[in-house]
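To be precise, the following lines are upload_18.cif, and they hold mmCIF, C-alpha atoms.
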```
data_upload
#
loop_
_atom_site.group_PDB
_atom_site.id
_atom_site.type_symbol
_atom_site.label_atom_id
_atom_site.label_comp_id
_atom_site.auth_asym_id
_atom_site.auth_seq_id
_atom_site.Cartn_x
_atom_site.Cartn_y
_atom_site.Cartn_z
ATOM 1 C CA MET I 16 -44.465 25.878 -1.918
ATOM 2 C CA ASP I 17 -46.457 26.759 1.182
ATOM 3 C CA MET I 18 -44.902 24.607 3.915
ATOM 4 C CA GLU I 19 -46.566 25.108 7.289
ATOM 5 C CA PHE I 20 -44.528 24.247 10.387
ATOM 6 C CA HIS I 21 -46.102 24.021 13.820
ATOM 7 C CA LYS I 22 -44.894 24.662 17.344
ATOM 8 C CA ILE I 23 -44.875 21.446 19.392
ATOM 9 C CA GLU I 24 -47.645 21.359 22.001
ATOM 10 C CA LEU I 25 -48.791 18.721 24.481
ATOM 11 C CA GLU I 26 -51.930 18.063 22.449
ATOM 12 C CA ASP I 27 -49.723 17.000 19.506
ATOM 13 C CA LYS I 28 -48.409 14.001 21.451
ATOM 14 C CA GLU I 29 -50.716 11.334 19.979
ATOM 15 C CA GLN I 30 -50.194 12.399 16.368
ATOM 16 C CA ILE I 31 -46.416 12.779 16.671
ATOM 17 C CA GLU I 32 -45.967 9.450 18.440
ATOM 18 C CA ARG I 33 -48.018 7.660 15.788
ATOM 19 C CA TYR I 34 -45.431 8.678 13.191
ATOM 20 C CA LEU I 35 -42.381 8.157 15.402
ATOM 21 C CA GLN I 36 -43.388 4.532 15.905
ATOM 22 C CA LYS I 37 -42.736 4.002 12.178
ATOM 23 C CA LYS I 38 -39.085 5.081 12.274
ATOM 24 C CA ILE I 39 -36.695 2.319 11.193
ATOM 25 C CA TYR I 40 -34.605 3.018 14.289
ATOM 26 C CA ARG I 41 -35.129 5.582 16.993
ATOM 27 C CA SER I 42 -32.595 7.524 19.008
ATOM 28 C CA CYS I 43 -33.266 9.026 22.406
ATOM 29 C CA ASP I 44 -33.809 12.422 20.760
ATOM 30 C CA LEU I 45 -36.854 11.422 18.747
ATOM 31 C CA VAL I 46 -39.328 10.575 21.483
ATOM 32 C CA PHE I 47 -42.097 13.008 22.309
ATOM 33 C CA PRO I 48 -41.068 13.952 25.877
ATOM 34 C CA ASN I 49 -37.537 14.920 24.795
ATOM 35 C CA ILE I 50 -38.773 16.781 21.735
ATOM 36 C CA TYR I 51 -41.426 18.672 23.673
ATOM 37 C CA LEU I 52 -39.366 19.489 26.761
ATOM 38 C CA TRP I 53 -36.286 20.650 24.837
ATOM 39 C CA SER I 54 -38.183 22.503 22.087
ATOM 40 C CA ARG I 55 -38.334 25.576 24.324
ATOM 41 C CA LYS I 56 -34.529 25.670 24.475
ATOM 42 C CA TYR I 57 -33.835 24.550 20.895
ATOM 43 C CA PRO I 58 -36.616 25.947 18.693
ATOM 44 C CA THR I 59 -38.127 22.953 16.915
ATOM 45 C CA GLN I 60 -41.249 22.785 14.784
ATOM 46 C CA TYR I 61 -42.924 19.971 12.879
ATOM 47 C CA THR I 62 -44.845 19.422 9.677
ATOM 48 C CA ILE I 63 -46.577 16.515 7.936
ATOM 49 C CA VAL I 64 -45.352 15.899 4.370
ATOM 50 C CA GLU I 65 -46.602 13.015 2.198
ATOM 51 C CA ASP I 66 -47.978 11.358 5.352
ATOM 52 C CA THR I 67 -44.591 11.520 7.104
ATOM 53 C CA LEU I 68 -43.445 13.535 10.102
ATOM 54 C CA ILE I 69 -40.540 15.984 9.760
ATOM 55 C CA PHE I 70 -39.014 18.259 12.400
ATOM 56 C CA ARG I 71 -37.323 21.499 11.465
ATOM 57 C CA GLY I 72 -34.565 23.057 13.517
ATOM 58 C CA ILE I 73 -31.841 25.614 13.027
ATOM 59 C CA GLY I 74 -28.354 24.463 12.012
ATOM 60 C CA GLU I 75 -25.025 26.272 11.978
ATOM 61 C CA GLY I 76 -25.202 29.841 10.751
ATOM 62 C CA GLY I 77 -28.962 29.906 11.178
ATOM 63 C CA ARG I 78 -29.513 27.545 8.246
ATOM 64 C CA PRO I 79 -32.672 25.384 8.244
ATOM 65 C CA SER I 80 -32.174 21.708 9.049
ATOM 66 C CA ILE I 81 -34.666 18.832 9.078
ATOM 67 C CA THR I 82 -34.884 15.335 10.496
ATOM 68 C CA PHE I 83 -35.177 12.237 8.333
ATOM 69 C CA PRO I 84 -38.919 11.722 7.622
ATOM 70 C CA ALA I 85 -40.777 9.308 9.885
ATOM 71 C CA GLY I 86 -43.371 7.182 8.122
ATOM 72 C CA GLU I 87 -43.870 4.289 5.736
ATOM 73 C CA LEU I 88 -40.831 3.822 3.469
ATOM 74 C CA GLU I 89 -42.673 4.467 0.201
ATOM 75 C CA GLN I 90 -43.887 7.784 1.638
ATOM 76 C CA VAL I 91 -40.473 8.708 3.055
ATOM 77 C CA ARG I 92 -38.883 8.882 -0.399
ATOM 78 C CA LYS I 93 -41.707 11.087 -1.675
ATOM 79 C CA ALA I 94 -41.369 13.357 1.352
ATOM 80 C CA LEU I 95 -37.641 13.743 0.756
ATOM 81 C CA GLN I 96 -38.264 14.899 -2.810
ATOM 82 C CA VAL I 97 -40.725 17.492 -1.542
ATOM 83 C CA MET I 98 -38.270 18.734 1.065
ATOM 84 C CA PHE I 99 -35.422 18.980 -1.453
ATOM 85 C CA SER I 100 -37.644 21.339 -3.470
ATOM 86 C CA TRP I 101 -38.418 23.264 -0.282
ATOM 87 C CA PHE I 102 -34.718 23.776 0.435
ATOM 88 C CA LYS I 103 -34.280 25.162 -3.089
ATOM 89 C CA GLU I 104 -37.118 27.611 -2.541
ATOM 90 C CA GLN I 105 -35.492 28.679 0.723
ATOM 91 C CA LYS I 106 -32.234 29.192 -1.211
ATOM 92 C CA ALA I 107 -30.612 26.912 1.334
ATOM 93 C CA ASN I 108 -28.450 23.809 1.056
ATOM 94 C CA VAL I 109 -30.034 20.488 1.998
ATOM 95 C CA ARG I 110 -29.216 19.670 5.609
ATOM 96 C CA MET I 111 -30.559 16.857 7.804
ATOM 97 C CA HIS I 112 -29.639 16.305 11.446
ATOM 98 C CA LEU I 113 -29.912 13.357 13.865
ATOM 99 C CA VAL I 114 -29.666 10.966 10.921
ATOM 100 C CA GLN I 115 -28.844 7.404 11.934
ATOM 101 C CA GLU I 116 -26.799 4.829 10.040
ATOM 102 C CA LYS I 117 -29.769 2.847 8.708
ATOM 103 C CA GLU I 118 -31.448 6.030 7.548
ATOM 104 C CA PHE I 119 -28.350 7.201 5.701
ATOM 105 C CA ALA I 120 -27.988 3.780 4.076
ATOM 106 C CA LEU I 121 -31.555 4.113 2.816
ATOM 107 C CA LEU I 122 -30.918 7.649 1.571
ATOM 108 C CA ASP I 123 -27.764 6.536 -0.247
ATOM 109 C CA SER I 124 -29.615 3.672 -1.923
ATOM 110 C CA TRP I 125 -32.202 6.105 -3.301
ATOM 111 C CA PHE I 126 -29.729 8.838 -4.263
ATOM 112 C CA PRO I 127 -26.385 7.048 -4.795
ATOM 113 C CA GLY I 128 -23.328 9.188 -4.144
ATOM 114 C CA LYS I 129 -25.321 12.385 -3.712
ATOM 115 C CA PHE I 130 -25.011 12.796 0.053
ATOM 116 C CA GLN I 131 -22.404 12.619 2.784
ATOM 117 C CA ILE I 132 -22.802 12.194 6.533
ATOM 118 C CA GLU I 133 -20.652 13.484 9.380
ATOM 119 C CA TYR I 134 -21.245 11.643 12.632
ATOM 120 C CA ASP I 135 -20.927 13.474 15.944
ATOM 121 C CA ARG I 136 -19.462 11.259 18.688
ATOM 122 C CA ASP I 137 -20.675 13.658 21.375
ATOM 123 C CA ILE I 138 -24.335 12.876 20.642
ATOM 124 C CA ALA I 139 -24.037 9.097 20.198
ATOM 125 C CA ASP I 140 -26.434 7.195 22.488
ATOM 126 C CA TYR I 141 -25.038 4.588 24.888
ATOM 127 C CA VAL I 142 -27.085 1.379 24.828
ATOM 128 C CA TYR I 143 -26.611 -1.359 27.438
ATOM 129 C CA GLU I 144 -27.945 -4.836 28.043
ATOM 130 C CA ALA I 145 -30.646 -4.425 30.680
ATOM 131 C CA GLU I 146 -29.724 -7.684 32.421
ATOM 132 C CA LYS I 147 -26.143 -6.543 32.978
ATOM 133 C CA LEU I 148 -27.252 -3.209 34.437
ATOM 134 C CA ALA I 149 -29.606 -5.042 36.785
ATOM 135 C CA THR I 150 -27.204 -7.772 37.960
ATOM 136 C CA LEU I 151 -23.842 -5.992 37.537
ATOM 137 C CA ALA I 152 -22.441 -9.467 36.966
ATOM 138 C CA GLY I 153 -18.946 -10.105 35.663
ATOM 139 C CA LYS I 154 -15.434 -8.906 36.310
ATOM 140 C CA LYS I 155 -15.795 -5.746 34.234
ATOM 141 C CA LEU I 156 -18.595 -4.419 36.474
ATOM 142 C CA HIS I 157 -16.932 -5.432 39.736
ATOM 143 C CA SER I 158 -16.347 -1.825 40.795
ATOM 144 C CA LYS I 159 -20.024 -0.994 40.255
ATOM 145 C CA ARG I 160 -21.054 -3.865 42.520
ATOM 146 C CA ASN I 161 -18.659 -2.511 45.151
ATOM 147 C CA HIS I 162 -20.300 0.920 44.996
ATOM 148 C CA VAL I 163 -23.759 -0.627 45.365
ATOM 149 C CA ASN I 164 -22.596 -2.784 48.280
ATOM 150 C CA ARG I 165 -21.057 0.235 49.993
ATOM 151 C CA PHE I 166 -24.287 2.183 49.578
ATOM 152 C CA GLN I 167 -26.271 -0.642 51.153
ATOM 153 C CA GLU I 168 -23.813 -0.929 54.041
ATOM 154 C CA ASN I 169 -23.965 2.806 54.755
ATOM 155 C CA ASN I 170 -27.754 2.981 54.318
ATOM 156 C CA PRO I 171 -29.193 -0.285 55.711
ATOM 157 C CA GLU I 172 -32.738 1.114 55.738
ATOM 158 C CA TRP I 173 -32.747 2.328 52.123
ATOM 159 C CA VAL I 174 -35.966 1.989 50.106
ATOM 160 C CA TYR I 175 -36.849 2.198 46.415
ATOM 161 C CA GLU I 176 -40.205 3.562 45.259
ATOM 162 C CA SER I 177 -41.739 4.024 41.831
ATOM 163 C CA ILE I 178 -42.586 7.685 41.281
ATOM 164 C CA THR I 179 -46.314 8.343 41.685
ATOM 165 C CA PRO I 180 -48.500 11.451 42.024
ATOM 166 C CA GLU I 181 -48.184 10.932 45.798
ATOM 167 C CA ASN I 182 -44.373 11.135 45.990
ATOM 168 C CA VAL I 183 -43.352 13.154 42.915
ATOM 169 C CA GLU I 184 -43.260 16.346 44.997
ATOM 170 C CA ASP I 185 -40.461 14.785 47.075
ATOM 171 C CA CYS I 186 -38.420 14.400 43.869
ATOM 172 C CA PHE I 187 -39.221 17.984 42.940
ATOM 173 C CA GLN I 188 -37.882 19.239 46.269
ATOM 174 C CA MET I 189 -34.777 17.079 45.947
ATOM 175 C CA ALA I 190 -34.198 18.506 42.444
ATOM 176 C CA LEU I 191 -34.414 22.065 43.784
ATOM 177 C CA LYS I 192 -31.867 21.253 46.480
ATOM 178 C CA TRP I 193 -29.625 19.489 43.952
ATOM 179 C CA ARG I 194 -29.847 22.563 41.696
ATOM 180 C CA GLU I 195 -28.661 24.789 44.525
ATOM 181 C CA GLU I 196 -25.799 22.482 45.500
ATOM 182 C CA MET I 197 -24.596 22.203 41.896
ATOM 183 C CA GLN I 198 -24.868 25.987 41.381
ATOM 184 C CA CYS I 199 -26.927 25.459 38.255
ATOM 185 C CA GLU I 200 -27.948 29.101 38.069
ATOM 186 C CA ILE I 201 -24.435 30.163 37.028
ATOM 187 C CA ASP I 202 -24.019 27.399 34.441
ATOM 188 C CA VAL I 203 -26.290 27.864 31.426
ATOM 189 C CA GLU I 204 -26.230 24.204 30.334
ATOM 190 C CA LYS I 205 -26.943 22.908 33.847
ATOM 191 C CA ARG I 206 -29.677 25.500 34.287
ATOM 192 C CA ASP I 207 -31.388 24.423 31.056
ATOM 193 C CA GLU I 208 -31.070 20.759 31.982
ATOM 194 C CA MET I 209 -32.609 21.407 35.398
ATOM 195 C CA CYS I 210 -35.476 23.335 33.803
ATOM 196 C CA VAL I 211 -36.225 20.276 31.658
ATOM 197 C CA THR I 212 -35.948 18.019 34.724
ATOM 198 C CA LEU I 213 -38.444 20.064 36.740
ATOM 199 C CA ASN I 214 -40.891 20.230 33.832
ATOM 200 C CA ALA I 215 -40.587 16.467 33.302
ATOM 201 C CA LEU I 216 -41.538 15.908 36.951
ATOM 202 C CA ARG I 217 -44.484 18.300 36.607
ATOM 203 C CA LEU I 218 -45.727 16.479 33.506
ATOM 204 C CA MET I 219 -44.990 12.854 34.440
ATOM 205 C CA GLU I 220 -48.552 11.715 33.824
ATOM 206 C CA GLU I 221 -49.205 13.821 30.713
ATOM 207 C CA LEU I 222 -45.996 12.549 29.075
ATOM 208 C CA ASN I 223 -46.473 8.930 30.233
ATOM 209 C CA LEU I 224 -43.065 8.877 31.885
ATOM 210 C CA LYS I 225 -41.917 6.295 34.429
ATOM 211 C CA GLY I 226 -39.751 7.137 37.385
ATOM 212 C CA GLY I 227 -38.080 5.723 40.453
ATOM 213 C CA LEU I 228 -36.583 7.184 43.616
ATOM 214 C CA LEU I 229 -34.319 6.200 46.500
ATOM 215 C CA ARG I 230 -34.659 7.135 50.147
ATOM 216 C CA ALA I 231 -31.912 6.505 52.663
ATOM 217 C CA ARG I 232 -34.554 5.203 55.067
ATOM 218 C CA PRO I 233 -38.335 4.658 55.074
ATOM 219 C CA GLN I 234 -40.177 8.005 55.033
ATOM 220 C CA GLY I 235 -36.825 9.779 54.672
ATOM 221 C CA GLU I 236 -35.940 12.433 52.125
ATOM 222 C CA VAL I 237 -35.271 11.489 48.510
ATOM 223 C CA ILE I 238 -31.547 11.125 47.761
ATOM 224 C CA ALA I 239 -31.793 10.045 44.116
ATOM 225 C CA PHE I 240 -34.373 9.739 41.356
ATOM 226 C CA THR I 241 -34.524 8.863 37.686
ATOM 227 C CA VAL I 242 -37.063 9.193 34.863
ATOM 228 C CA GLY I 243 -37.482 7.344 31.561
ATOM 229 C CA GLU I 244 -39.871 5.590 29.186
ATOM 230 C CA PRO I 245 -40.116 2.750 26.667
ATOM 231 C CA LEU I 246 -38.255 3.689 23.474
ATOM 232 C CA SER I 247 -39.217 0.680 21.360
ATOM 233 C CA GLU I 248 -40.403 -2.887 21.874
ATOM 234 C CA ASP I 249 -37.006 -4.005 23.192
ATOM 235 C CA THR I 250 -35.437 -0.785 24.493
ATOM 236 C CA PHE I 251 -36.100 1.484 27.478
ATOM 237 C CA VAL I 252 -34.577 4.978 27.577
ATOM 238 C CA VAL I 253 -33.410 6.811 30.700
ATOM 239 C CA HIS I 254 -33.842 10.571 30.278
ATOM 240 C CA ILE I 255 -33.008 11.933 33.726
ATOM 241 C CA GLU I 256 -30.902 10.717 36.641
ATOM 242 C CA LYS I 257 -30.089 12.809 39.703
ATOM 243 C CA ALA I 258 -28.407 11.821 42.958
ATOM 244 C CA TYR I 259 -26.415 13.533 45.696
ATOM 245 C CA ALA I 260 -22.748 13.091 44.847
ATOM 246 C CA SER I 261 -21.924 13.232 48.554
ATOM 247 C CA ILE I 262 -23.725 9.911 49.138
ATOM 248 C CA GLN I 263 -21.373 7.163 48.031
ATOM 249 C CA GLY I 264 -22.952 4.733 45.584
ATOM 250 C CA ALA I 265 -26.201 6.679 45.166
ATOM 251 C CA TYR I 266 -25.838 6.934 41.387
ATOM 252 C CA PRO I 267 -24.988 3.248 40.769
ATOM 253 C CA MET I 268 -27.751 2.251 43.178
ATOM 254 C CA ILE I 269 -30.557 4.236 41.519
ATOM 255 C CA ASN I 270 -29.274 3.078 38.110
ATOM 256 C CA GLN I 271 -29.510 -0.582 39.118
ATOM 257 C CA GLN I 272 -32.783 -0.335 41.028
ATOM 258 C CA PHE I 273 -34.555 1.598 38.292
ATOM 259 C CA VAL I 274 -33.691 -1.036 35.701
ATOM 260 C CA LEU I 275 -34.719 -3.829 38.093
ATOM 261 C CA HIS I 276 -38.125 -2.299 38.791
ATOM 262 C CA GLU I 277 -39.085 -0.360 35.677
ATOM 263 C CA ALA I 278 -37.155 -1.851 32.725
ATOM 264 C CA GLN I 279 -36.964 -5.566 33.493
ATOM 265 C CA ASP I 280 -39.110 -6.448 30.459
ATOM 266 C CA PHE I 281 -36.697 -4.815 28.007
ATOM 267 C CA LYS I 282 -33.558 -6.232 26.407
ATOM 268 C CA TYR I 283 -31.712 -2.916 26.197
ATOM 269 C CA VAL I 284 -31.468 0.350 28.102
ATOM 270 C CA ASN I 285 -30.545 3.547 26.256
ATOM 271 C CA ARG I 286 -28.820 5.987 28.624
ATOM 272 C CA GLU I 287 -28.499 8.812 26.097
ATOM 273 C CA GLU I 288 -25.356 10.695 25.072
ATOM 274 C CA ASP I 289 -22.395 12.156 26.976
ATOM 275 C CA THR I 290 -22.490 15.596 25.239
ATOM 276 C CA GLY I 291 -18.710 15.441 24.976
ATOM 277 C CA ALA I 292 -18.225 15.907 28.726
ATOM 278 C CA GLU I 293 -15.075 13.983 29.705
ATOM 279 C CA GLY I 294 -16.311 12.856 33.125
ATOM 280 C CA LEU I 295 -19.691 11.762 31.811
ATOM 281 C CA ARG I 296 -18.087 9.854 28.936
ATOM 282 C CA LYS I 297 -15.809 8.008 31.343
ATOM 283 C CA ALA I 298 -18.785 7.117 33.548
ATOM 284 C CA LYS I 299 -20.921 5.857 30.665
ATOM 285 C CA LEU I 300 -18.086 3.802 29.190
ATOM 286 C CA SER I 301 -17.398 2.243 32.599
ATOM 287 C CA TYR I 302 -20.783 0.486 32.386
ATOM 288 C CA ARG I 303 -19.619 -1.287 29.192
ATOM 289 C CA PRO I 304 -22.226 -0.361 26.557
ATOM 290 C CA ALA I 305 -23.388 -3.066 24.163
ATOM 291 C CA PHE I 306 -23.282 -0.553 21.314
ATOM 292 C CA LEU I 307 -23.602 3.137 20.450
ATOM 293 C CA VAL I 308 -26.335 4.695 18.328
ATOM 294 C CA GLU I 309 -24.465 7.039 15.988
ATOM 295 C CA LYS I 310 -26.184 10.163 14.676
ATOM 296 C CA GLY I 311 -24.909 12.674 12.164
ATOM 297 C CA VAL I 312 -25.535 15.593 9.847
ATOM 298 C CA VAL I 313 -26.277 14.877 6.178
ATOM 299 C CA THR I 314 -25.386 17.328 3.420
ATOM 300 C CA LEU I 315 -24.986 17.192 -0.349
ATOM 301 C CA MET I 316 -21.628 16.089 -1.675
ATOM 302 C CA GLU I 317 -19.615 18.927 -3.191
ATOM 303 C CA ASN I 318 -20.690 19.787 -6.748
ATOM 304 C CA GLU I 319 -23.696 17.454 -6.531
ATOM 305 C CA ILE I 320 -27.077 18.745 -7.715
ATOM 306 C CA LEU I 321 -30.523 17.287 -7.040
#
```
Would you mind writing the file out in structure tokens?
Amino acid sequence: MDMEFHKIELEDKEQIERYLQKKIYRSCDLVFPNIYLWSRKYPTQYTIVEDTLIFRGIGEGGRPSITFPAGELEQVRKALQVMFSWFKEQKANVRMHLVQEKEFALLDSWFPGKFQIEYDRDIADYVYEAEKLATLAGKKLHSKRNHVNRFQENNPEWVYESITPENVEDCFQMALKWREEMQCEIDVEKRDEMCVTLNALRLMEELNLKGGLLRARPQGEVIAFTVGEPLSEDTFVVHIEKAYASIQGAYPMINQQFVLHEAQDFKYVNREEDTGAEGLRKAKLSYRPAFLVEKGVVTLMENEIL
């Protein structure tokens, strides 16, 4: 079987997004900006099979791994059959990554008892009610309100601006300074993350991203910025958030203001995963998520044959 996989390029955006809109539920990973920006770090290619979209990556031990097909349900089942044959030709075990609960339920209904899924807590998305992030109402978010109040007291002339072609360079310069302060060059993961951040700022318009920034005073330097996009009809996803840790309340403030100005028409806000980092997990849990989007790796059950 001649299966042709393609490198992900900017000009593929329209075609890829047309298929992604058909997914039964989408995680933060499967949106074009994330796929495109991270595909240079994690080699990812795509193919169209039975009018569905499938991404191919590399799993443990260099084994091929694919995403659950994105398309109309009747085509998805056909595409899976094709891919199972492809795995056989590759002399590789079937492996699918970033599979969500609803997708696995569908897979299990088509192939009962054939597959198993292992969820990875470190890559589960945190999803919050947008209204709660904007108002910080309630006893459980009292400490967040305190941080925001302290920021406003210490910076009485603060201003929020949506990111535009006219002010994006200010965010770029702030990111460079943040990179130096955080010593990103000696930490591979931070360095890769900052590379993605800088490219996202460069390609804001091409990727249709939305952003917001904070200044401590009118015309002052940027002290925090964040970037995201609509994920679905009711959910907005935040991809990037940077603030100076030395400025008390800067992170809670940009979080709240960004939702107020850019995500007020959405019911939920997806703030992505914690990557297993203890401090980040504590911070994300402190905002009281409404639910987590679990994602896992699907493999054949032992001794099962397709």
List as CSV every residue of region 234-284 of chain I that is in contact with region 203-220 of chain I, defined as an atom at most 12 Å from one of its atoms (using all atoms listed in the file), together with the nearest atom pair and the distance in Å rounded to one decimal, sorted by chain and then rising number.
```
residue,atom,partner,partner_atom,distance
I:Phe240,CA,I:Leu216,CA,10.4
I:Thr241,CA,I:Thr212,CA,9.7
I:Val242,CA,I:Ala215,CA,8.2
I:Gly243,CA,I:Met219,CA,9.7
I:Glu244,CA,I:Met219,CA,10.3
I:His254,CA,I:Thr212,CA,8.9
I:Ile255,CA,I:Thr212,CA,6.8
I:Glu256,CA,I:Thr212,CA,9.1
I:Lys257,CA,I:Thr212,CA,9.3
```
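Taking all atoms listed in the file into account, the polymer residues that have an atom no farther than 12 Å from (-46.8, 23.4, 11.3) are I:Asp17, I:Met18, I:Glu19, I:Phe20, I:His21, I:Lys22, I:Ile23, I:Glu24, I:Asp27, I:Ile31, I:Thr59, I:Gln60, I:Tyr61, I:Thr62, I:Ile63, I:Val64, I:Leu68, I:Ile69, I:Phe70, I:Arg71.
Distances to Ala231 (chain I) were evaluated for I:Lys38, I:Tyr302, I:Asp140, I:Glu172 using only C-alpha atoms, and the minimum falls at I:Glu172.
Once Gly76 (chain I) and its same-chain neighbours fewer than 4 positions away are set aside, I:Gly72, I:Ser80, I:Ala107, I:Asn108 remain within 12 Å of it when counting all atoms listed in the file.
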For Lys117 (chain I), which of I:Leu25, I:Leu224, I:Met98, I:Ile132 is the closest residue, counting only C-alpha atoms?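 Of I:Leu25, I:Leu224, I:Met98, I:Ile132, the one nearest Lys117 (chain I) is I:Ile132, counting only C-alpha atoms.
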Find the residues near Leu229 (chain I): any atom within 12 Å, counting all atoms listed in the file, skip ones fewer than 5 places away on the same chain, and give them as an NGL selection string. :I and (166-167 or 170 or 172-178 or 182-183 or 185-186 or 189 or 234-241 or 256-259 or 262 or 264-273)
Which residue gives the smallest distance to His276 (chain I) among I:Val308, I:Ile201, I:Leu148, I:Cys43, with all atoms listed in the file counted?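 Nearest candidate to His276 (chain I) out of I:Val308, I:Ile201, I:Leu148, I:Cys43: I:Leu148.
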Length of the CA of Pro58 (chain I) to CA of Gly74 (chain I) vector [Å]: 10.7 Å
